[in-house]
file protein.tsv (TSV, C-alpha atoms)
chain	number	residue	atom	x	y	z
K	1	MET	CA	10.02	19.09	-1.64
K	2	THR	CA	11.28	16.39	0.68
K	3	ASP	CA	10.23	12.80	0.16
K	4	LYS	CA	7.98	12.67	3.22
K	5	GLN	CA	6.11	15.89	2.50
K	6	PRO	CA	2.87	14.77	0.79
K	7	CYS	CA	2.39	15.90	-2.77
K	8	VAL	CA	-0.75	15.70	-4.90
K	9	PHE	CA	0.14	14.54	-8.42
K	10	ILE	CA	-2.50	15.84	-10.85
K	11	ILE	CA	-2.88	14.17	-14.25
K	12	ASP	CA	-5.30	15.47	-16.90
K	13	ASP	CA	-5.02	16.22	-20.62
K	14	ASP	CA	-7.19	19.34	-20.12
K	15	HIS	CA	-4.89	22.22	-19.16
K	16	SER	CA	-7.75	24.27	-17.70
K	17	VAL	CA	-8.45	21.40	-15.29
K	18	LEU	CA	-4.77	21.20	-14.35
K	19	GLU	CA	-4.68	24.93	-13.63
K	20	ALA	CA	-7.91	24.87	-11.60
K	21	LEU	CA	-6.81	21.90	-9.48
K	22	SER	CA	-3.31	23.31	-8.98
K	23	PHE	CA	-4.85	26.57	-7.78
K	24	LEU	CA	-7.15	24.64	-5.41
K	25	MET	CA	-4.20	22.75	-3.91
K	26	LYS	CA	-2.24	25.98	-3.47
K	27	SER	CA	-5.21	27.69	-1.82
K	28	VAL	CA	-5.27	25.08	0.98
K	29	GLY	CA	-1.49	24.86	1.34
K	30	MET	CA	-1.07	21.47	-0.37
K	31	ARG	CA	1.91	20.72	-2.57
K	32	SER	CA	1.05	19.61	-6.07
K	33	LYS	CA	2.63	18.75	-9.40
K	34	SER	CA	0.79	18.66	-12.72
K	35	TYR	CA	1.12	16.40	-15.77
K	36	ASP	CA	-0.78	16.53	-19.07
K	37	SER	CA	-0.51	12.77	-19.65
K	38	ALA	CA	-0.09	9.51	-17.75
K	39	LYS	CA	3.17	8.88	-19.61
K	40	ALA	CA	4.59	12.23	-18.49
K	41	PHE	CA	3.80	11.29	-14.90
K	42	LEU	CA	5.36	7.81	-15.21
K	43	ASP	CA	8.50	9.31	-16.75
K	44	ASP	CA	8.82	11.47	-13.63
K	45	TYR	CA	7.58	8.84	-11.16
K	46	ASP	CA	9.45	8.53	-7.85
K	47	PRO	CA	8.20	5.76	-5.52
K	48	GLU	CA	9.78	7.51	-2.54
K	49	CYS	CA	7.53	10.57	-2.88
K	50	HIS	CA	4.65	10.50	-0.41
K	51	GLY	CA	1.17	11.64	-1.39
K	52	CYS	CA	-1.53	10.64	-3.86
K	53	ILE	CA	-2.47	10.83	-7.51
K	54	VAL	CA	-5.53	12.66	-8.86
K	55	SER	CA	-6.16	11.50	-12.42
K	56	ASP	CA	-8.78	11.72	-15.11
K	57	VAL	CA	-10.01	8.27	-16.16
K	58	ARG	CA	-10.37	8.95	-19.88
K	59	MET	CA	-7.19	10.30	-21.49
K	60	PRO	CA	-5.61	9.82	-24.93
K	61	ASN	CA	-2.75	7.33	-25.46
K	62	MET	CA	-2.77	6.03	-21.87
K	63	SER	CA	-6.01	5.97	-19.88
K	64	GLY	CA	-6.31	6.28	-16.14
K	65	LEU	CA	-6.93	2.52	-15.89
K	66	ALA	CA	-3.78	1.78	-17.90
K	67	LEU	CA	-1.89	4.11	-15.56
K	68	GLN	CA	-3.28	2.22	-12.59
K	69	ASP	CA	-2.13	-1.10	-14.08
K	70	ALA	CA	1.36	0.34	-14.60
K	71	LEU	CA	1.49	1.56	-10.99
K	72	LEU	CA	0.34	-1.84	-9.72
K	73	GLU	CA	3.24	-3.41	-11.64
K	74	LEU	CA	5.57	-0.96	-9.87
K	75	ASP	CA	4.03	-1.89	-6.49
K	76	SER	CA	3.27	1.80	-5.94
K	77	ALA	CA	1.98	2.92	-2.54
K	78	GLN	CA	0.50	6.17	-3.87
K	79	PRO	CA	-3.31	5.88	-3.93
K	80	LEU	CA	-5.30	7.00	-6.96
K	81	VAL	CA	-8.30	9.33	-6.86
K	82	PHE	CA	-10.06	9.21	-10.23
K	83	LEU	CA	-12.09	12.02	-11.77
K	84	THR	CA	-14.76	10.71	-14.13
K	85	GLY	CA	-17.48	11.83	-16.50
K	86	HIS	CA	-20.94	10.29	-16.17
K	87	GLY	CA	-20.19	7.86	-19.01
K	88	ASP	CA	-17.10	6.51	-17.20
K	89	ILE	CA	-18.80	5.07	-14.11
K	90	HIS	CA	-18.17	1.46	-15.18
K	91	MET	CA	-14.47	2.25	-15.66
K	92	ALA	CA	-14.34	3.94	-12.26
K	93	VAL	CA	-15.92	0.93	-10.54
K	94	GLU	CA	-13.27	-1.30	-12.15
K	95	ALA	CA	-10.58	1.07	-10.88
K	96	VAL	CA	-11.89	0.85	-7.30
K	97	LYS	CA	-11.92	-2.96	-7.54
K	98	LYS	CA	-8.22	-2.74	-8.41
K	99	GLY	CA	-7.51	-0.61	-5.35
K	100	ALA	CA	-8.21	3.02	-6.31
K	101	ALA	CA	-8.86	5.15	-3.24
K	102	ASP	CA	-11.91	6.95	-4.66
K	103	PHE	CA	-13.60	8.30	-7.76
K	104	LEU	CA	-15.54	11.51	-8.17
K	105	THR	CA	-18.04	12.21	-10.92
K	106	LYS	CA	-17.72	15.58	-12.64
K	107	PRO	CA	-18.80	18.14	-11.70
K	108	PHE	CA	-17.80	17.77	-8.05
K	109	ARG	CA	-17.46	20.18	-5.15
K	110	ASP	CA	-13.97	21.32	-4.17
K	111	GLN	CA	-14.49	20.05	-0.64
K	112	GLU	CA	-15.40	16.60	-1.95
K	113	LEU	CA	-12.08	16.41	-3.77
K	114	LEU	CA	-10.12	17.75	-0.81
K	115	ASP	CA	-11.73	15.20	1.50
K	116	SER	CA	-10.86	12.38	-0.94
K	117	ILE	CA	-7.29	13.63	-1.23
K	118	ASN	CA	-6.84	13.79	2.55
K	119	ARG	CA	-8.14	10.22	2.89
K	120	ALA	CA	-5.83	9.09	0.08
K	121	ILE	CA	-2.79	10.70	1.74
K	122	GLU	CA	-3.64	8.90	4.99
K	123	LEU	CA	-3.93	5.66	3.00
K	124	ASP	CA	-0.53	6.30	1.43
K	125	GLU	CA	1.06	6.63	4.89
K	126	SER	CA	-0.72	3.48	6.05
K	127	ARG	CA	0.49	1.50	3.02
K	128	ARG	CA	4.07	2.72	3.47
K	129	CYS	CA	4.00	1.82	7.15
K	130	GLU	CA	2.75	-1.68	6.32
K	131	LYS	CA	5.44	-2.11	3.65
K	132	GLU	CA	8.12	-1.10	6.15
K	133	ASN	CA	6.72	-3.52	8.73
K	134	ILE	CA	6.75	-6.33	6.15
K	135	LYS	CA	10.36	-5.52	5.27
K	136	GLN	CA	11.35	-5.73	8.94
K	137	VAL	CA	9.48	-9.02	9.44
K	138	GLU	CA	11.13	-10.53	6.34
K	139	LYS	CA	14.51	-9.46	7.67
K	140	CYS	CA	13.80	-11.20	10.99
K	141	LEU	CA	12.47	-14.33	9.24
K	142	ALA	CA	15.74	-14.64	7.35
K	143	GLU	CA	17.54	-15.01	10.70
K	144	LEU	CA	15.55	-18.13	11.67
K	145	THR	CA	16.97	-21.60	11.20
K	146	PRO	CA	14.82	-24.11	9.28
K	147	ARG	CA	13.90	-25.81	12.57
K	148	GLU	CA	12.98	-22.51	14.22
K	149	ARG	CA	10.78	-21.71	11.23
K	150	GLN	CA	9.02	-25.08	11.66
K	151	VAL	CA	8.43	-24.40	15.33
K	152	MET	CA	7.19	-20.87	14.63
K	153	ASP	CA	4.68	-22.09	12.02
K	154	LEU	CA	3.26	-24.61	14.48
K	155	VAL	CA	3.21	-22.10	17.34
K	156	VAL	CA	1.23	-19.52	15.35
K	157	SER	CA	-1.20	-22.25	14.26
K	158	GLY	CA	-2.13	-22.54	17.95
K	159	LYS	CA	-0.42	-25.81	18.85
K	160	ALA	CA	0.94	-26.37	22.35
K	161	ASN	CA	4.61	-27.12	22.99
K	162	LYS	CA	3.87	-30.78	23.83
K	163	VAL	CA	2.01	-31.27	20.55
K	164	ILE	CA	4.79	-29.56	18.59
K	165	ALA	CA	7.36	-31.78	20.32
K	166	MET	CA	5.46	-34.90	19.26
K	167	GLU	CA	5.03	-33.72	15.66
K	168	LEU	CA	8.71	-32.81	15.26
K	169	ASN	CA	10.01	-35.71	17.36
K	170	LEU	CA	11.68	-33.33	19.82
K	171	SER	CA	11.66	-32.98	23.58
K	172	PRO	CA	9.30	-30.34	25.03
K	173	ARG	CA	12.35	-28.60	26.47
K	174	THR	CA	13.96	-28.34	23.03
K	175	VAL	CA	10.74	-26.87	21.64
K	176	GLU	CA	10.74	-24.29	24.44
K	177	VAL	CA	14.31	-23.30	23.55
K	178	HIS	CA	13.47	-22.98	19.85
K	179	ARG	CA	10.35	-21.00	20.70
K	180	ALA	CA	12.36	-18.60	22.86
K	181	HIS	CA	14.84	-18.11	20.02
K	182	VAL	CA	11.98	-17.43	17.60
K	183	MET	CA	10.48	-14.77	19.87
K	184	GLU	CA	13.88	-13.13	20.31
K	185	LYS	CA	14.83	-13.14	16.62
K	186	MET	CA	11.39	-11.96	15.53
K	187	LYS	CA	11.48	-9.22	18.18
K	188	ALA	CA	8.00	-10.31	19.27
K	189	ASP	CA	6.90	-9.51	22.82
K	190	SER	CA	3.92	-11.87	22.71
K	191	LEU	CA	2.32	-14.69	20.76
K	192	ALA	CA	-0.26	-12.21	19.46
K	193	GLU	CA	2.54	-10.06	18.01
K	194	LEU	CA	4.13	-13.11	16.38
K	195	VAL	CA	0.79	-14.08	14.80
K	196	LYS	CA	0.35	-10.52	13.51
K	197	GLN	CA	3.81	-10.62	11.93
K	198	THR	CA	3.17	-13.89	10.10
K	199	GLN	CA	-0.23	-12.62	8.94
K	200	LEU	CA	1.48	-9.64	7.30
K	201	ILE	CA	3.58	-12.01	5.20
K	202	LYS	CA	0.55	-14.17	4.34
K	203	ASN	CA	-1.39	-11.11	3.22
K	204	LYS	CA	1.50	-9.96	1.04
K	205	THR	CA	1.76	-13.39	-0.58
K	206	ALA	CA	-2.00	-13.59	-1.13
K	207	SER	CA	-2.11	-10.17	-2.81
K	208	ARG	CA	0.42	-11.16	-5.48
call {"tool": "encode", "arguments": {"input": "protein.tsv", "output": "structure tokens"}}
result
Amino acid sequence: MTDKQPCVFIIDDDHSVLEALSFLMKSVGMRSKSYDSAKAFLDDYDPECHGCIVSDVRMPNMSGLALQDALLELDSAQPLVFLTGHGDIHMAVEAVKKGAADFLTKPFRDQELLDSINRAIELDESRRCEKENIKQVEKCLAELTPRERQVMDLVVSGKANKVIAMELNLSPRTVEVHRAHVMEKMKADSLAELVKQTQLIKNKTASR
């Protein structure tokens, strides 16, 4: 299995469930790997592996919610699809509030699970793409001088060059030069692109 080939990581303390879900994944050509506990999965966890996690909510020693908390600490991109009994609905709702991709109440139809898994794999790719974009933006930001960063912050707030010049006690021409350097270093083709880049960083900071 290569890192970018999606894999469905199945976690359940019931071996009959593991076998049934593994067989289902195989029948539709999906890669999967099974674990009989959350700890076993975490011991084998590789953040570079693409895919999603299908986990029971209620398990001995480490519950699905505890697993989710551990993955959040690791800043994992892999989305969680929880399988729940009728008595676990409250737990499942809490899991979704913390970012779980979906939860299915047992018994569920195979197609329901497959649809949830496909959505979760798409979400995994989206999260990884966003993380890579953030990494690139942070790399570009590190190239800015303190003055260029000041100018950029004022530009993305919607202020005109003349206003920025007055606020920073600079000439409009100097602001234009700084602005051009910002656009070049940030690899932004437009103001809209620059705003989008700074919003990515704001969203990352807000989610911490």
call {"tool": "residues_around", "arguments": {"input": "protein.tsv", "residues": "range 115-125 of chain K", "least_positions_apart": "6", "cutoff": "8 Å", "atoms": "only C-alpha atoms", "output": "list in words"}}
result
Pro6, Val8, His50, Gly51, Cys52, Val54, Ala77, Gln78, Pro79, Leu80, Val81, Ala101 and Asp102 of chain K
call {"tool": "residues_near_point", "arguments": {"input": "protein.tsv", "point": "(10.9, -20.7, 12.1)", "cutoff": "12 Å", "atoms": "only C-alpha atoms", "output": "VMD selection string"}}
result
chain K and resid 138 140 to 156 175 178 to 186 194 198
call {"tool": "write_last_selection", "arguments": {"input": "protein.tsv", "atoms": "C-alpha atoms", "output": "short mmCIF file (atom, residue, chain, number, x, y, z; two decimals), in the frame of the given file"}}
result
data_model
loop_
_atom_site.label_atom_id
_atom_site.label_comp_id
_atom_site.auth_asym_id
_atom_site.auth_seq_id
_atom_site.Cartn_x
_atom_site.Cartn_y
_atom_site.Cartn_z
CA GLU K 138 11.13 -10.53 6.34
CA CYS K 140 13.80 -11.20 10.99
CA LEU K 141 12.47 -14.33 9.24
CA ALA K 142 15.74 -14.64 7.35
CA GLU K 143 17.54 -15.01 10.70
CA LEU K 144 15.55 -18.13 11.67
CA THR K 145 16.97 -21.60 11.20
CA PRO K 146 14.82 -24.11 9.28
CA ARG K 147 13.90 -25.81 12.57
CA GLU K 148 12.98 -22.51 14.22
CA ARG K 149 10.78 -21.71 11.23
CA GLN K 150 9.02 -25.08 11.66
CA VAL K 151 8.43 -24.40 15.33
CA MET K 152 7.19 -20.87 14.63
CA ASP K 153 4.68 -22.09 12.02
CA LEU K 154 3.26 -24.61 14.48
CA VAL K 155 3.21 -22.10 17.34
CA VAL K 156 1.23 -19.52 15.35
CA VAL K 175 10.74 -26.87 21.64
CA HIS K 178 13.47 -22.98 19.85
CA ARG K 179 10.35 -21.00 20.70
CA ALA K 180 12.36 -18.60 22.86
CA HIS K 181 14.84 -18.11 20.02
CA VAL K 182 11.98 -17.43 17.60
CA MET K 183 10.48 -14.77 19.87
CA GLU K 184 13.88 -13.13 20.31
CA LYS K 185 14.83 -13.14 16.62
CA MET K 186 11.39 -11.96 15.53
CA LEU K 194 4.13 -13.11 16.38
CA THR K 198 3.17 -13.89 10.10
#
call {"tool": "closest_residue", "arguments": {"input": "protein.tsv", "among": "K:Gln5, K:Ser63, K:Asp14, K:Asp88", "to": "Cys49 in chain K", "atoms": "only C-alpha atoms"}}
result
K:Gln5
call {"tool": "residues_near_point", "arguments": {"input": "protein.tsv", "point": "(8.6, -4.6, 9.5)", "cutoff": "12 Å", "atoms": "only C-alpha atoms", "output": "VMD selection string"}}
result
chain K and resid 128 to 141 186 to 188 193 to 194 196 to 201
call {"tool": "write_last_selection", "arguments": {"input": "protein.tsv", "atoms": "C-alpha atoms", "output": "PDB file, in the coordinates of the input"}}
result
ATOM      1  CA  ARG K 128       4.070   2.720   3.470  1.00  0.00           C
ATOM      2  CA  CYS K 129       4.000   1.820   7.150  1.00  0.00           C
ATOM      3  CA  GLU K 130       2.750  -1.680   6.320  1.00  0.00           C
ATOM      4  CA  LYS K 131       5.440  -2.110   3.650  1.00  0.00           C
ATOM      5  CA  GLU K 132       8.120  -1.100   6.150  1.00  0.00           C
ATOM      6  CA  ASN K 133       6.720  -3.520   8.730  1.00  0.00           C
ATOM      7  CA  ILE K 134       6.750  -6.330   6.150  1.00  0.00           C
ATOM      8  CA  LYS K 135      10.360  -5.520   5.270  1.00  0.00           C
ATOM      9  CA  GLN K 136      11.350  -5.730   8.940  1.00  0.00           C
ATOM     10  CA  VAL K 137       9.480  -9.020   9.440  1.00  0.00           C
ATOM     11  CA  GLU K 138      11.130 -10.530   6.340  1.00  0.00           C
ATOM     12  CA  LYS K 139      14.510  -9.460   7.670  1.00  0.00           C
ATOM     13  CA  CYS K 140      13.800 -11.200  10.990  1.00  0.00           C
ATOM     14  CA  LEU K 141      12.470 -14.330   9.240  1.00  0.00           C
ATOM     15  CA  MET K 186      11.390 -11.960  15.530  1.00  0.00           C
ATOM     16  CA  LYS K 187      11.480  -9.220  18.180  1.00  0.00           C
ATOM     17  CA  ALA K 188       8.000 -10.310  19.270  1.00  0.00           C
ATOM     18  CA  GLU K 193       2.540 -10.060  18.010  1.00  0.00           C
ATOM     19  CA  LEU K 194       4.130 -13.110  16.380  1.00  0.00           C
ATOM     20  CA  LYS K 196       0.350 -10.520  13.510  1.00  0.00           C
ATOM     21  CA  GLN K 197       3.810 -10.620  11.930  1.00  0.00           C
ATOM     22  CA  THR K 198       3.170 -13.890  10.100  1.00  0.00           C
ATOM     23  CA  GLN K 199      -0.230 -12.620   8.940  1.00  0.00           C
ATOM     24  CA  LEU K 200       1.480  -9.640   7.300  1.00  0.00           C
ATOM     25  CA  ILE K 201       3.580 -12.010   5.200  1.00  0.00           C
TER      26      ILE K 201
END
call {"tool": "closest_atom_pairs", "arguments": {"input": "protein.tsv", "of": "range 55-132 of chain K", "to": "range 20-35 of chain K", "cutoff": "12 Å", "atoms": "all atoms listed in the file", "output": "Markdown table"}}
result
| residue | atom | partner | partner_atom | distance |
| --- | --- | --- | --- | --- |
| K:Ser55 | CA | K:Tyr35 | CA | 9.4 |
| K:Asp56 | CA | K:Tyr35 | CA | 11.0 |
| K:Met59 | CA | K:Tyr35 | CA | 11.8 |
| K:Leu83 | CA | K:Leu21 | CA | 11.4 |
| K:Phe108 | CA | K:Leu21 | CA | 11.8 |
| K:Arg109 | CA | K:Leu24 | CA | 11.2 |
| K:Asp110 | CA | K:Leu24 | CA | 7.7 |
| K:Gln111 | CA | K:Leu24 | CA | 9.9 |
| K:Leu113 | CA | K:Leu21 | CA | 9.5 |
| K:Leu114 | CA | K:Met25 | CA | 8.3 |
| K:Asp115 | CA | K:Val28 | CA | 11.8 |
| K:Ile117 | CA | K:Met25 | CA | 10.0 |
| K:Asn118 | CA | K:Met30 | CA | 10.0 |
| K:Ile121 | CA | K:Met30 | CA | 11.1 |
call {"tool": "atom_distance", "arguments": {"input": "protein.tsv", "atom1": "CA of Asp13 in chain K", "atom2": "CA of Met91 in chain K"}}
result
17.6 Å
call {"tool": "atom_distance", "arguments": {"input": "protein.tsv", "atom1": "CA of Val195 in chain K", "atom2": "CA of Ser76 in chain K"}}
result
26.2 Å
call {"tool": "atom_distance", "arguments": {"input": "protein.tsv", "atom1": "CA of Val96 in chain K", "atom2": "CA of Glu112 in chain K"}}
result
17.0 Å
call {"tool": "residues_around", "arguments": {"input": "protein.tsv", "residues": "Val57 in chain K", "least_positions_apart": "5", "cutoff": "12 Å", "atoms": "all atoms listed in the file", "output": "PDB file with C-alpha atoms, in the frame of the given file"}}
result
ATOM      1  CA  ILE K  10      -2.500  15.840 -10.850  1.00  0.00           C
ATOM      2  CA  ILE K  11      -2.880  14.170 -14.250  1.00  0.00           C
ATOM      3  CA  ASP K  12      -5.300  15.470 -16.900  1.00  0.00           C
ATOM      4  CA  ASP K  13      -5.020  16.220 -20.620  1.00  0.00           C
ATOM      5  CA  SER K  37      -0.510  12.770 -19.650  1.00  0.00           C
ATOM      6  CA  ALA K  38      -0.090   9.510 -17.750  1.00  0.00           C
ATOM      7  CA  MET K  62      -2.770   6.030 -21.870  1.00  0.00           C
ATOM      8  CA  SER K  63      -6.010   5.970 -19.880  1.00  0.00           C
ATOM      9  CA  GLY K  64      -6.310   6.280 -16.140  1.00  0.00           C
ATOM     10  CA  LEU K  65      -6.930   2.520 -15.890  1.00  0.00           C
ATOM     11  CA  ALA K  66      -3.780   1.780 -17.900  1.00  0.00           C
ATOM     12  CA  LEU K  67      -1.890   4.110 -15.560  1.00  0.00           C
ATOM     13  CA  GLN K  68      -3.280   2.220 -12.590  1.00  0.00           C
ATOM     14  CA  LEU K  80      -5.300   7.000  -6.960  1.00  0.00           C
ATOM     15  CA  VAL K  81      -8.300   9.330  -6.860  1.00  0.00           C
ATOM     16  CA  PHE K  82     -10.060   9.210 -10.230  1.00  0.00           C
ATOM     17  CA  LEU K  83     -12.090  12.020 -11.770  1.00  0.00           C
ATOM     18  CA  THR K  84     -14.760  10.710 -14.130  1.00  0.00           C
ATOM     19  CA  GLY K  85     -17.480  11.830 -16.500  1.00  0.00           C
ATOM     20  CA  HIS K  86     -20.940  10.290 -16.170  1.00  0.00           C
ATOM     21  CA  GLY K  87     -20.190   7.860 -19.010  1.00  0.00           C
ATOM     22  CA  ASP K  88     -17.100   6.510 -17.200  1.00  0.00           C
ATOM     23  CA  ILE K  89     -18.800   5.070 -14.110  1.00  0.00           C
ATOM     24  CA  HIS K  90     -18.170   1.460 -15.180  1.00  0.00           C
ATOM     25  CA  MET K  91     -14.470   2.250 -15.660  1.00  0.00           C
ATOM     26  CA  ALA K  92     -14.340   3.940 -12.260  1.00  0.00           C
ATOM     27  CA  VAL K  93     -15.920   0.930 -10.540  1.00  0.00           C
ATOM     28  CA  GLU K  94     -13.270  -1.300 -12.150  1.00  0.00           C
ATOM     29  CA  ALA K  95     -10.580   1.070 -10.880  1.00  0.00           C
ATOM     30  CA  VAL K  96     -11.890   0.850  -7.300  1.00  0.00           C
ATOM     31  CA  ALA K 100      -8.210   3.020  -6.310  1.00  0.00           C
ATOM     32  CA  ASP K 102     -11.910   6.950  -4.660  1.00  0.00           C
ATOM     33  CA  PHE K 103     -13.600   8.300  -7.760  1.00  0.00           C
ATOM     34  CA  LEU K 104     -15.540  11.510  -8.170  1.00  0.00           C
ATOM     35  CA  THR K 105     -18.040  12.210 -10.920  1.00  0.00           C
ATOM     36  CA  LYS K 106     -17.720  15.580 -12.640  1.00  0.00           C
TER      37      LYS K 106
END
call {"tool": "axis_aligned_box", "arguments": {"input": "protein.tsv", "around": "range 29-39 of chain K", "padding_each_side": "3 Å", "output": "AutoDock Vina command-line options"}}
result
--center_x 0.8 --center_y 16.9 --center_z -9.2 --size_x 10.7 --size_y 22.0 --size_z 27.0
